[in-house]
Amino acid sequence: MTETVKPVTSTWCAGCGDFGVLAAVKKAAAELKIPPHEEVLVGGIGCSGGIHNFLESNGIHALHGRLLAQAVGVKLANPQLTVIAAGGDGDGYAIGMGHFIHAFKKNASILYIVMNNETYGLTKGQASPTARLGYEGNVENPFDSILTALSIPSHNFIARTFSGDPKTMTAILVEALQFNRAGKGFAFVEDLSPCVTYNDTFKEWREKVTDVAKLPGYDPTDRKAMFRLCLETMEAGRIPIGVMHRPSNGEGAADSLELKLLPDRLGPARADVTLEGNRAEYDKLLQRIS
Ligand SMILES: Cc1ncc(C[n+]2csc(CCOP(=O)(O)OP(=O)(O)O)c2C)c(N)n1
Ligand code: SF4
Ligand SMILES: [Mg+2]
């Protein structure tokens with residue numbers, strides 16, 4: 001390890017929900033014994049997107065809303081790395097919305113954590129795509145990432161957690177990372193992460209969160225059933241949390257992007273690209289074009 005991967009002191013406000021995510025990512029990586037040099041955090045732009053600076057791992061600060069493109073690129077360069085993209089609701093669901101939707105269908109085995117605080121925290125509290133009606137003059141209906149994720153048929157892992165329940169969050173991140181490390185595809189976890197400075201929803205969310213696993217009809221292998229369960233929970237004024245989708249055993253095996261493009265799991269970062277190692281192919285190419 002070099003000094004470049006040493007964490008710096010956090011710049012987040014005391015009590016920010018993002019601390020819960022930071023702790024859960026650290027615990028999940030420790031539980032799975034992921035060496036820091038084999039983990040890559042790609043952060044978005046926003047308070048949440050700074051998370052890679054506070055962790056002992058490789059990190060990239062991506063362009064606003066473009067962290068998924070970079071995270072997928074890292075995974076395809078070296079599929080043996082554990083790749084986590086992490087950012088905010090503004091980063092992922094506003095400027096990054098196009099990339100967000102495509103990530104589910106691309107299905108690269110990376111984990112995407114969105115710290116949803118229903119506001120643009122870093123730029124001092126403007127309405128984001130998940131902002132409720134009336135927040136800072138917002139007149140638009142809030143966007144729901146879980147309903148959107150459930151509506152895209154692909155072999156993904158989908159969950160929602162709450163920063164006020166770090167134990168469950170750690171367990172869900174462990175499962176998501178295991179899903180990725182087995183090459184099963186894309187894992188999306190939205191964490192409800194209150195911004196205590198511009199939109200302190202801790203108390204309200206603690207009262208409203210509902211673990212879907214405890215509801216009748218819960219079956220995370222059945223998208224249609226989970227869409228209905230989440231929608232009904234929301235219509236009852238509650239916020240569904242928990243694992244919303246996990247493919248049933250064997251379903252979607254070898255459907256991940258890196259397994260389809262690189263079946264030997266050797267991306268360019270690990271493949272032999274020396275002239276000596278590729279002389280025969282190189283000569284063939286020269287013959288073709290000469
Ligand atoms: C291209 C571009 N547009 C706008 C901005 C200004 N900007 C910085 S962070 C941000 C939104 C942050 O909100 P969110 O992603 O929810 O993160 P949070 O701070 O709430 O964690 C915006 C609009 C920018 N940095 N770059
Ligand atoms: S402004 Fe909000 S989101 Fe940003 S660090 Fe402070 S509490 Fe967290
Ligand atoms: Mg935000």
# chains A, B, ... in the order shown; residues from 1 in each chain; ligands from 1
>>> closest_atom_pairs(of="chain A", to="ligand 3", cutoff="6 Å", atoms="only C-alpha atoms and all ligand atoms", output="tab-separated table")
residue	atom	partner	partner_atom_place_in_ligand_line	distance
A:Gly88	CA	ligand 3	1 (Mg)	4.6
A:Asp89	CA	ligand 3	1 (Mg)	4.6
A:Gly90	CA	ligand 3	1 (Mg)	5.3
A:Asn116	CA	ligand 3	1 (Mg)	5.4
A:Asn117	CA	ligand 3	1 (Mg)	4.7
A:Glu118	CA	ligand 3	1 (Mg)	5.5
A:Thr119	CA	ligand 3	1 (Mg)	4.4
A:Tyr120	CA	ligand 3	1 (Mg)	4.3
A:Gly121	CA	ligand 3	1 (Mg)	5.2
>>> write_last_selection(atoms="N, CA and C atoms", output="PDB file, in the first residue's frame")
ATOM      1  N   GLY A  88     -24.729  10.638  -4.566  1.00  0.00           N
ATOM      2  CA  GLY A  88     -25.985  11.138  -4.011  1.00  0.00           C
ATOM      3  C   GLY A  88     -27.166  10.986  -4.955  1.00  0.00           C
ATOM      4  N   ASP A  89     -28.339  11.402  -4.455  1.00  0.00           N
ATOM      5  CA  ASP A  89     -29.575  11.336  -5.245  1.00  0.00           C
ATOM      6  C   ASP A  89     -29.537  12.350  -6.392  1.00  0.00           C
ATOM      7  N   GLY A  90     -28.899  13.497  -6.183  1.00  0.00           N
ATOM      8  CA  GLY A  90     -28.766  14.479  -7.262  1.00  0.00           C
ATOM      9  C   GLY A  90     -27.850  13.927  -8.343  1.00  0.00           C
ATOM     10  N   ASN A 116     -29.407   8.737  -0.451  1.00  0.00           N
ATOM     11  CA  ASN A 116     -30.539   9.605  -0.769  1.00  0.00           C
ATOM     12  C   ASN A 116     -30.921  10.436   0.453  1.00  0.00           C
ATOM     13  N   ASN A 117     -30.745  11.759   0.331  1.00  0.00           N
ATOM     14  CA  ASN A 117     -31.151  12.663   1.412  1.00  0.00           C
ATOM     15  C   ASN A 117     -32.221  13.647   0.922  1.00  0.00           C
ATOM     16  N   GLU A 118     -32.754  13.369  -0.258  1.00  0.00           N
ATOM     17  CA  GLU A 118     -33.821  14.183  -0.853  1.00  0.00           C
ATOM     18  C   GLU A 118     -33.435  15.642  -1.005  1.00  0.00           C
ATOM     19  N   THR A 119     -32.139  15.899  -1.203  1.00  0.00           N
ATOM     20  CA  THR A 119     -31.674  17.286  -1.397  1.00  0.00           C
ATOM     21  C   THR A 119     -30.290  17.287  -2.040  1.00  0.00           C
ATOM     22  N   TYR A 120     -29.903  18.450  -2.575  1.00  0.00           N
ATOM     23  CA  TYR A 120     -28.515  18.644  -3.009  1.00  0.00           C
ATOM     24  C   TYR A 120     -27.774  19.213  -1.792  1.00  0.00           C
ATOM     25  N   GLY A 121     -27.145  18.338  -1.014  1.00  0.00           N
ATOM     26  CA  GLY A 121     -26.490  18.783   0.227  1.00  0.00           C
ATOM     27  C   GLY A 121     -25.316  19.717  -0.030  1.00  0.00           C
TER      28      GLY A 121
END
>>> residues_near_ligand(ligand="ligand 2", cutoff="10 Å", atoms="only C-alpha atoms and all ligand atoms", output="PyMOL selection string")
chain A and resi 10-19+46-50+88+115-125+193-200
>>> atom_distance(atom1="atom CA of Leu257 of chain A", atom2="atom CA of Val74 of chain A")
12.5 Å
>>> closest_residue(among="A:His52, A:His37, A:His245, A:Arg66", to="ligand 1", atoms="only C-alpha atoms and all ligand atoms")
A:Arg66
>>> atom_distance(atom1="atom CA of Leu261 of chain A", atom2="atom CA of Gln80 of chain A")
14.0 Å
>>> residues_around(residues="Ser256 of chain A", least_positions_apart="2", cutoff="7 Å", atoms="only C-alpha atoms", output="list in words")
Asn107, Ala108, Ser109, Gly183, Lys184, Gly185, Ala254, Glu258, Leu259 and Lys260 of chain A
>>> select_by_dssp(residues="segment 60-231 of chain A", states="helix (DSSP H, G or I)", output="PyMOL selection string")
chain A and resi 67-77+89-95+97-106+135-137+145-150+166-181+202-208+212-214+223-231
